[in-house]
file start_2.cif (mmCIF, C-alpha atoms)
data_start
loop_
_atom_site.label_atom_id
_atom_site.label_comp_id
_atom_site.auth_asym_id
_atom_site.auth_seq_id
_atom_site.Cartn_x
_atom_site.Cartn_y
_atom_site.Cartn_z
CA GLN A 1 10.56 13.79 15.41
CA GLU A 2 10.22 13.32 19.16
CA SER A 3 6.79 11.71 18.98
CA PHE A 4 8.09 9.21 16.40
CA PHE A 5 11.00 7.83 18.40
CA GLN A 6 9.77 7.77 21.99
CA ASP A 7 11.72 5.03 23.68
CA ILE A 8 9.66 2.57 25.75
CA ASP A 9 12.05 3.30 28.62
CA THR A 10 9.94 6.43 29.22
CA LEU A 11 7.23 4.06 30.53
CA GLN A 12 9.30 3.65 33.70
CA LYS A 13 7.91 7.02 34.82
CA TYR A 14 4.47 5.39 34.72
CA GLY A 15 5.40 2.45 36.94
CA ILE A 16 6.44 -0.12 34.32
CA ASN A 17 9.53 -2.01 35.49
CA MET A 18 12.70 -2.51 33.45
CA ALA A 19 12.34 -6.31 33.32
CA ASP A 20 8.99 -6.02 31.50
CA LEU A 21 10.41 -3.42 29.11
CA LYS A 22 13.26 -5.84 28.25
CA LYS A 23 10.66 -8.50 27.38
CA LEU A 24 9.02 -6.05 24.96
CA LYS A 25 12.37 -5.16 23.39
CA SER A 26 13.18 -8.85 22.92
CA VAL A 27 10.32 -9.11 20.39
CA GLY A 28 11.21 -5.86 18.61
CA ILE A 29 8.84 -3.46 20.41
CA CYS A 30 11.13 -0.54 21.25
CA THR A 31 8.89 2.54 21.02
CA VAL A 32 5.69 3.72 22.69
CA LYS A 33 4.04 3.80 19.27
CA GLY A 34 5.10 0.16 18.79
CA ILE A 35 3.02 -0.78 21.85
CA GLN A 36 0.04 1.06 20.41
CA MET A 37 0.45 -0.92 17.17
CA THR A 38 0.51 -4.32 18.91
CA THR A 39 -2.71 -6.02 20.02
CA ARG A 40 -3.31 -6.98 23.65
CA ARG A 41 -3.47 -10.62 22.56
CA ALA A 42 -0.05 -10.43 20.92
CA LEU A 43 1.42 -8.75 24.01
CA CYS A 44 -0.08 -11.46 26.28
CA ASN A 45 1.73 -14.07 24.14
CA ILE A 46 5.10 -12.60 25.19
CA LYS A 47 6.62 -14.87 27.81
CA GLY A 48 6.32 -13.38 31.30
CA LEU A 49 3.65 -10.77 30.52
CA SER A 50 0.31 -11.38 32.24
CA GLU A 51 -2.98 -9.76 31.19
CA ALA A 52 -2.77 -7.39 34.16
CA LYS A 53 0.75 -6.30 33.15
CA VAL A 54 -0.31 -5.84 29.53
CA ASP A 55 -3.26 -3.65 30.61
CA LYS A 56 -0.90 -1.54 32.72
CA ILE A 57 1.58 -1.17 29.81
CA LYS A 58 -1.22 -0.25 27.37
CA GLU A 59 -2.61 2.31 29.84
CA ALA A 60 0.83 3.91 30.37
CA ALA A 61 1.48 4.06 26.59
CA GLY A 62 -1.97 5.56 26.11
CA LYS A 63 -1.21 8.36 28.59
CA ILE A 64 1.99 9.33 26.74
CA LEU A 65 0.36 9.20 23.30
CA VAL A 66 -2.73 11.15 24.39
CA ARG A 67 -0.43 13.80 25.86
CA ASP A 68 1.11 14.61 22.48
CA SER A 69 -1.57 13.33 20.10
CA ALA A 70 -1.99 16.81 18.57
CA GLU A 71 1.71 16.91 17.57
CA THR A 72 1.61 13.32 16.33
CA LEU A 73 -1.46 13.96 14.18
CA SER A 74 0.08 16.96 12.49
CA PHE A 75 3.36 15.09 11.86
CA ASN A 76 1.88 11.83 10.60
CA TYR A 77 0.95 13.33 7.26
CA GLN A 78 4.31 14.95 6.55
CA TYR A 79 5.40 12.10 4.29
CA SER A 80 8.95 12.26 3.05
CA TYR A 81 9.88 11.27 -0.48
CA PHE A 82 13.20 10.43 -2.00
CA SER A 83 14.10 10.45 -5.65
CA SER A 84 17.11 10.94 -7.82
CA SER A 85 18.07 11.27 -11.44
CA SER A 86 18.79 7.54 -11.59
CA VAL A 87 15.17 6.61 -11.42
CA GLY A 88 14.20 9.95 -12.92
CA LEU A 89 11.28 9.03 -15.14
CA LEU A 90 10.16 6.33 -12.72
CA CYS A 91 10.07 8.87 -9.91
CA SER A 92 8.83 11.98 -11.67
CA LYS A 93 6.37 10.47 -14.10
CA LEU A 94 5.07 7.50 -12.15
CA LEU A 95 5.60 8.24 -8.47
CA GLY A 96 4.95 11.97 -8.40
CA GLY A 97 8.52 12.87 -7.47
CA GLY A 98 9.74 10.02 -5.30
CA MET A 99 9.05 7.00 -3.15
CA GLU A 100 6.68 7.54 -0.26
CA SER A 101 7.73 6.90 3.31
CA MET A 102 5.33 5.24 5.79
CA ALA A 103 4.07 3.13 2.88
CA ILE A 104 4.83 -0.09 0.98
CA THR A 105 5.75 0.25 -2.70
CA GLU A 106 5.67 -3.04 -4.64
CA ALA A 107 7.26 -3.74 -8.02
CA PHE A 108 6.25 -6.99 -9.70
CA GLY A 109 7.16 -8.62 -12.98
CA GLU A 110 8.57 -11.72 -14.63
CA PHE A 111 12.26 -12.62 -14.42
CA ARG A 112 14.64 -10.16 -16.13
CA THR A 113 12.25 -7.21 -15.89
CA GLY A 114 14.61 -5.22 -13.65
CA LYS A 115 13.23 -5.84 -10.13
CA THR A 116 16.59 -6.65 -8.53
CA GLN A 117 18.38 -3.95 -10.60
CA LEU A 118 15.87 -1.41 -9.30
CA SER A 119 16.48 -2.64 -5.72
CA HIS A 120 20.25 -2.25 -6.11
CA THR A 121 19.89 1.22 -7.65
CA LEU A 122 17.64 2.35 -4.79
CA CYS A 123 20.29 1.14 -2.29
CA VAL A 124 22.56 3.88 -3.64
CA THR A 125 20.09 6.64 -4.56
CA ALA A 126 18.37 6.50 -1.15
CA GLN A 127 21.71 7.61 0.33
CA LEU A 128 21.98 10.71 -1.88
CA PRO A 129 20.55 14.09 -0.85
CA GLY A 130 17.46 15.03 -2.87
CA GLU A 131 14.75 17.64 -3.27
CA ASP A 132 12.66 19.25 -0.50
CA GLY A 133 15.38 18.89 2.11
CA TYR A 134 15.80 15.11 1.80
CA THR A 135 19.22 14.41 3.31
CA GLY A 136 19.70 10.76 2.33
CA GLY A 137 20.05 7.86 4.75
CA LYS A 138 20.90 4.23 5.36
CA VAL A 139 19.20 1.20 3.80
CA ILE A 140 18.37 -2.32 5.01
CA PHE A 141 18.26 -5.02 2.31
CA ILE A 142 16.56 -8.35 3.10
CA ASP A 143 17.54 -10.89 0.43
CA THR A 144 15.38 -14.01 0.02
CA GLU A 145 16.84 -15.37 -3.25
CA ASN A 146 20.58 -14.70 -2.89
CA THR A 147 20.48 -11.99 -5.57
CA PHE A 148 22.32 -9.21 -3.69
CA ARG A 149 25.71 -8.29 -5.16
CA PRO A 150 27.95 -5.69 -3.42
CA ASP A 151 29.96 -5.26 -6.66
CA ARG A 152 26.78 -4.08 -8.37
CA LEU A 153 26.51 -1.30 -5.79
CA LYS A 154 30.10 -0.26 -6.58
CA ASP A 155 29.23 0.13 -10.29
CA ILE A 156 26.20 2.25 -9.41
CA ALA A 157 28.24 4.30 -6.91
CA ASP A 158 30.77 5.04 -9.70
CA ARG A 159 27.98 6.51 -11.80
CA PHE A 160 27.10 8.97 -9.02
CA ASN A 161 30.75 9.61 -8.04
CA VAL A 162 30.19 8.29 -4.54
CA ASP A 163 32.79 6.45 -2.43
CA HIS A 164 32.40 2.64 -2.63
CA ASP A 165 33.12 1.98 1.03
CA ALA A 166 30.71 4.69 2.21
CA VAL A 167 27.91 3.25 0.06
CA LEU A 168 28.49 -0.31 1.29
CA ASP A 169 28.78 0.80 4.94
CA ASN A 170 25.33 2.39 4.69
CA VAL A 171 23.61 -0.79 3.48
CA LEU A 172 22.78 -3.40 6.11
CA TYR A 173 22.32 -6.79 4.48
CA ALA A 174 20.41 -9.80 5.80
CA ARG A 175 19.82 -13.11 4.04
CA ALA A 176 16.46 -14.77 4.86
CA TYR A 177 16.26 -18.56 4.53
CA THR A 178 12.63 -19.34 5.44
CA SER A 179 9.39 -17.36 5.67
CA GLU A 180 9.67 -17.66 9.48
CA HIS A 181 13.21 -16.32 9.38
CA GLN A 182 12.00 -13.46 7.16
CA MET A 183 9.44 -12.53 9.84
CA GLU A 184 12.07 -12.79 12.62
CA LEU A 185 14.37 -10.44 10.69
CA LEU A 186 11.71 -7.73 10.99
CA ASP A 187 12.33 -7.72 14.77
CA PHE A 188 16.02 -7.05 14.02
CA VAL A 189 14.99 -4.33 11.54
CA ALA A 190 12.76 -2.61 14.13
CA ALA A 191 15.58 -2.74 16.69
CA LYS A 192 18.04 -1.18 14.20
CA PHE A 193 15.59 1.58 13.22
CA HIS A 194 15.13 2.30 16.92
CA GLU A 195 18.85 2.19 17.73
CA GLU A 196 19.65 4.75 15.02
CA GLY A 197 16.47 6.82 15.06
CA GLY A 198 15.87 8.80 11.88
CA VAL A 199 19.02 7.48 10.15
CA PHE A 200 17.43 4.71 8.06
CA LYS A 201 15.26 5.80 5.14
CA LEU A 202 14.53 2.61 3.18
CA LEU A 203 13.82 -1.08 3.76
CA ILE A 204 14.04 -3.36 0.70
CA ILE A 205 12.80 -6.97 0.51
CA ASP A 206 13.77 -8.80 -2.68
CA SER A 207 11.54 -10.74 -3.15
CA ILE A 208 8.71 -10.74 -0.65
CA MET A 209 6.88 -13.91 -1.76
CA ALA A 210 9.74 -16.23 -2.80
CA LEU A 211 10.07 -18.05 0.55
CA PHE A 212 6.31 -18.23 1.14
CA ARG A 213 6.06 -19.96 -2.24
CA VAL A 214 8.56 -22.59 -1.08
CA ASP A 215 7.37 -23.08 2.52
CA PHE A 216 3.67 -23.38 1.68
CA SER A 217 2.97 -25.52 -1.35
CA GLY A 218 -0.35 -26.62 -2.78
CA ARG A 219 -3.90 -25.45 -2.18
CA GLY A 220 -4.09 -27.21 1.19
CA GLU A 221 -1.60 -24.76 2.72
CA LEU A 222 -2.86 -21.65 0.94
CA ALA A 223 -5.01 -20.37 3.83
CA GLU A 224 -2.12 -20.71 6.30
CA ARG A 225 0.28 -19.04 3.85
CA GLN A 226 -2.02 -16.06 3.40
CA GLN A 227 -2.53 -15.74 7.15
CA LYS A 228 1.24 -15.68 7.80
CA LEU A 229 1.73 -13.28 4.89
CA ALA A 230 -0.93 -10.94 6.29
CA GLN A 231 0.84 -10.91 9.67
CA MET A 232 4.17 -10.08 8.05
CA LEU A 233 2.73 -7.30 5.88
CA SER A 234 0.94 -5.81 8.88
CA ARG A 235 4.25 -5.79 10.77
CA LEU A 236 5.99 -4.18 7.77
CA GLN A 237 3.39 -1.43 7.51
CA LYS A 238 3.61 -0.70 11.24
CA ILE A 239 7.41 -0.54 11.16
CA SER A 240 7.29 1.88 8.20
CA GLU A 241 4.85 4.16 10.05
CA GLU A 242 6.57 3.81 13.42
CA TYR A 243 9.98 4.90 12.09
CA ASN A 244 8.92 6.98 9.06
CA VAL A 245 10.75 4.85 6.47
CA ALA A 246 9.89 3.82 2.92
CA VAL A 247 9.42 0.09 2.23
CA PHE A 248 10.16 -1.28 -1.25
CA VAL A 249 9.33 -4.91 -2.04
CA THR A 250 9.67 -6.92 -5.25
CA ASN A 251 7.28 -9.67 -6.21
CA GLN A 252 7.06 -12.51 -8.71
CA MET A 253 4.40 -13.47 -11.25
CA THR A 254 2.42 -16.65 -11.76
CA ALA A 255 0.17 -18.03 -14.51
CA ASP A 256 -3.46 -17.06 -13.99
CA PRO A 257 -5.64 -20.13 -14.67
CA GLY A 258 -8.83 -18.06 -14.78
CA ALA A 259 -7.49 -15.55 -17.30
CA GLY A 260 -8.24 -17.78 -20.31
CA MET A 261 -11.88 -16.81 -19.98
CA THR A 262 -11.13 -13.07 -20.28
CA PHE A 263 -8.98 -13.27 -23.45
CA GLN A 264 -6.04 -11.50 -21.83
CA ALA A 265 -2.95 -11.18 -24.01
CA ASP A 266 -0.66 -12.02 -21.08
CA PRO A 267 -2.47 -14.24 -18.57
CA LYS A 268 -0.12 -13.76 -15.62
CA LYS A 269 -0.68 -12.08 -12.28
CA PRO A 270 1.44 -11.10 -9.25
CA ILE A 271 1.42 -13.70 -6.47
CA GLY A 272 0.21 -12.99 -2.94
CA GLY A 273 -3.45 -12.50 -3.88
CA HIS A 274 -5.70 -9.84 -2.37
CA ILE A 275 -3.72 -9.71 0.88
CA LEU A 276 -0.57 -8.38 -0.79
CA ALA A 277 -2.62 -6.22 -3.17
CA HIS A 278 -4.35 -4.43 -0.28
CA ALA A 279 -1.16 -4.11 1.83
CA SER A 280 0.83 -2.40 -0.94
CA THR A 281 0.15 1.33 -1.12
CA THR A 282 1.55 1.68 -4.64
CA ARG A 283 2.01 -1.22 -7.09
CA ILE A 284 4.21 -0.96 -10.17
CA SER A 285 4.18 -3.61 -12.89
CA LEU A 286 7.40 -4.17 -14.85
CA ARG A 287 7.61 -5.80 -18.27
CA LYS A 288 10.28 -6.34 -20.92
CA GLY A 289 10.73 -4.02 -23.87
CA ARG A 290 13.26 -4.20 -26.71
CA GLY A 291 16.82 -5.12 -25.71
CA GLU A 292 17.70 -3.61 -22.35
CA LEU A 293 14.56 -1.46 -22.28
CA ARG A 294 11.89 -2.12 -19.66
CA ILE A 295 8.42 -0.62 -19.17
CA ALA A 296 7.09 0.33 -15.74
CA LYS A 297 3.39 1.01 -15.25
CA ILE A 298 1.39 2.19 -12.24
CA PHE A 299 -0.86 -0.79 -11.51
CA ASP A 300 -2.50 0.58 -8.37
CA SER A 301 -2.02 3.79 -6.39
CA PRO A 302 -4.16 5.91 -4.05
CA ASP A 303 -3.07 9.20 -5.66
CA MET A 304 -1.13 8.55 -8.88
CA PRO A 305 -2.87 8.24 -12.26
CA GLU A 306 -2.34 5.15 -14.43
CA ASN A 307 0.83 5.93 -16.35
CA GLU A 308 3.81 4.29 -18.06
CA ALA A 309 7.54 5.04 -18.15
CA THR A 310 10.32 3.37 -20.14
CA PHE A 311 13.68 2.82 -18.47
CA ALA A 312 16.93 1.05 -19.28
CA ILE A 313 19.15 -1.35 -17.34
CA THR A 314 22.71 0.03 -17.61
CA PRO A 315 26.06 -0.83 -15.94
CA GLY A 316 25.31 2.06 -13.57
CA GLY A 317 21.89 0.71 -12.59
CA ILE A 318 18.42 1.81 -13.66
CA ALA A 319 18.42 4.90 -15.92
CA ASP A 320 16.07 6.82 -18.20
CA ALA A 321 15.73 5.26 -21.64
CA LYS A 322 17.45 7.22 -24.40
CA GLU A 323 14.91 8.32 -26.98
#

call {"tool": "encode", "arguments": {"input": "start_2.cif", "output": "structure tokens"}}
result
Amino acid sequence: QESFFQDIDTLQKYGINMADLKKLKSVGICTVKGIQMTTRRALCNIKGLSEAKVDKIKEAAGKILVRDSAETLSFNYQYSYFSSSSVGLLCSKLLGGGMESMAITEAFGEFRTGKTQLSHTLCVTAQLPGEDGYTGGKVIFIDTENTFRPDRLKDIADRFNVDHDAVLDNVLYARAYTSEHQMELLDFVAAKFHEEGGVFKLLIIDSIMALFRVDFSGRGELAERQQKLAQMLSRLQKISEEYNVAVFVTNQMTADPGAGMTFQADPKKPIGGHILAHASTTRISLRKGRGELRIAKIFDSPDMPENEATFAITPGGIADAKE
């Protein structure tokens, strides 16, 4: 995975000084690929970097990436998946075997449809070895609604006979308080992924739109909200590709005022509009069934057919529904 985790310190060989590299690291750009994924304009906005310096940095990064572009190209499409018996039907029937790395998977639904339960279950199952040589890894959980519960992870760990402390040690938790803070946390995430290259396998945000809903209210602020959201999703996608991790986000629903004209049975839609719809590689809709049963359906995917799976919320997390 050399081409994935090339430290920006290697740019020193191309005449870039350490002080300028520190400025890049301060905003979460820690790899050569990270420079490639950041626009010149964004780099010029970093305090202390002039246009001339930015051009020099871009040129140096370009030389390194051109040098091993053949290796990078062949590696970029070796997506890794992780799955486990816990989300068995969800993974095998809906997701073709597991959750895709270098991509954003979104699960949306009303309250009590299992979004947070699915997030907690994935915190544990992402750590377990799986098929096709998947070795398991650490997880970062960004919590926007104060829904994370360590005790829940212990219950799920019991189900898989895994040590409580080991499971909790492998989950890094961050509480986001504003949409701006949520964006700033992504710099911390990038730094952690860089610090422990190849160790982290999953980034969870539960829920992605909650703080944007609060910070930008009314139609007057909609354009600004969508612009900020687009920037955050772009950063998320780049981080997932830069460090070869899977990103799982949950999302809320809202009433659809235009749906009355189409005679829909359930006139609700996920929030975030087209910007979130286009950013998410795979979208899964969750809805309530009888009792503790829930129904997951592929809403949008580049390679998975439209399909449904029923699952149950149990003390040990998300599990296949008993027939």

call {"tool": "resolve_selection", "arguments": {"input": "start_2.cif", "expression": "the PyMOL selection byres ((chain A and resi 301) around 7)", "output": "PyMOL selection string"}}
result
chain A and resi 281-283+298-300+302-304

call {"tool": "residues_around", "arguments": {"input": "start_2.cif", "residues": "range 145-157 of chain A", "least_positions_apart": "2", "cutoff": "7 Å", "atoms": "only C-alpha atoms", "output": "ChimeraX atom specification"}}
result
/A:120-121,124,143,159-164,315-317

call {"tool": "resolve_selection", "arguments": {"input": "start_2.cif", "expression": "the PyMOL selection byres ((chain A and resi 60-63) around 8)", "output": "ChimeraX atom specification"}}
result
/A:11,14,16,32-33,35-36,56-59,64-67

call {"tool": "atom_distance", "arguments": {"input": "start_2.cif", "atom1": "CA of Gln12 in chain A", "atom2": "CA of Val199 in chain A"}}
result
25.8 Å

call {"tool": "atom_distance", "arguments": {"input": "start_2.cif", "atom1": "CA of Tyr243 in chain A", "atom2": "CA of Ser101 in chain A"}}
result
9.3 Å

call {"tool": "atom_distance", "arguments": {"input": "start_2.cif", "atom1": "CA of Ile313 in chain A", "atom2": "CA of Lys268 in chain A"}}
result
23.0 Å

call {"tool": "residues_around", "arguments": {"input": "start_2.cif", "residues": "Ser280 in chain A", "least_positions_apart": "2", "cutoff": "7 Å", "atoms": "all atoms listed in the file", "output": "list in words"}}
result
Ile104, Thr105, Glu106, Leu276, Ala277, His278, Thr282 and Arg283 of chain A

call {"tool": "resolve_selection", "arguments": {"input": "start_2.cif", "expression": "the PyMOL selection byres ((chain A and resi 47) around 12)", "output": "list in words"}}
result
Ala19, Asp20, Lys22, Lys23, Leu24, Ser26, Val27, Ala42, Leu43, Cys44, Asn45, Ile46, Gly48, Leu49, Ser50, Glu51, Lys53 and Val54 of chain A

call {"tool": "residues_around", "arguments": {"input": "start_2.cif", "residues": "His274 in chain A", "least_positions_apart": "6", "cutoff": "12 Å", "atoms": "all atoms listed in the file", "output": "list of chain:residue names"}}
result
A:Gln226, A:Gln227, A:Leu229, A:Ala230, A:Ser280

call {"tool": "residues_around", "arguments": {"input": "start_2.cif", "residues": "Ile239 in chain A", "least_positions_apart": "6", "cutoff": "12 Å", "atoms": "all atoms listed in the file", "output": "MDAnalysis selection string"}}
result
chainID A and resid 4:5 28:31 33:38 101:104 186:194 200:203 232:233 245:247

call {"tool": "closest_residue", "arguments": {"input": "start_2.cif", "among": "A:Ala166, A:Ile318, A:Ile142, A:Ala312", "to": "Leu185 in chain A", "atoms": "only C-alpha atoms"}}
result
A:Ile142

call {"tool": "closest_residue", "arguments": {"input": "start_2.cif", "among": "A:Lys288, A:Arg40, A:Arg175, A:Lys269", "to": "Asn251 in chain A", "atoms": "all atoms listed in the file"}}
result
A:Lys269
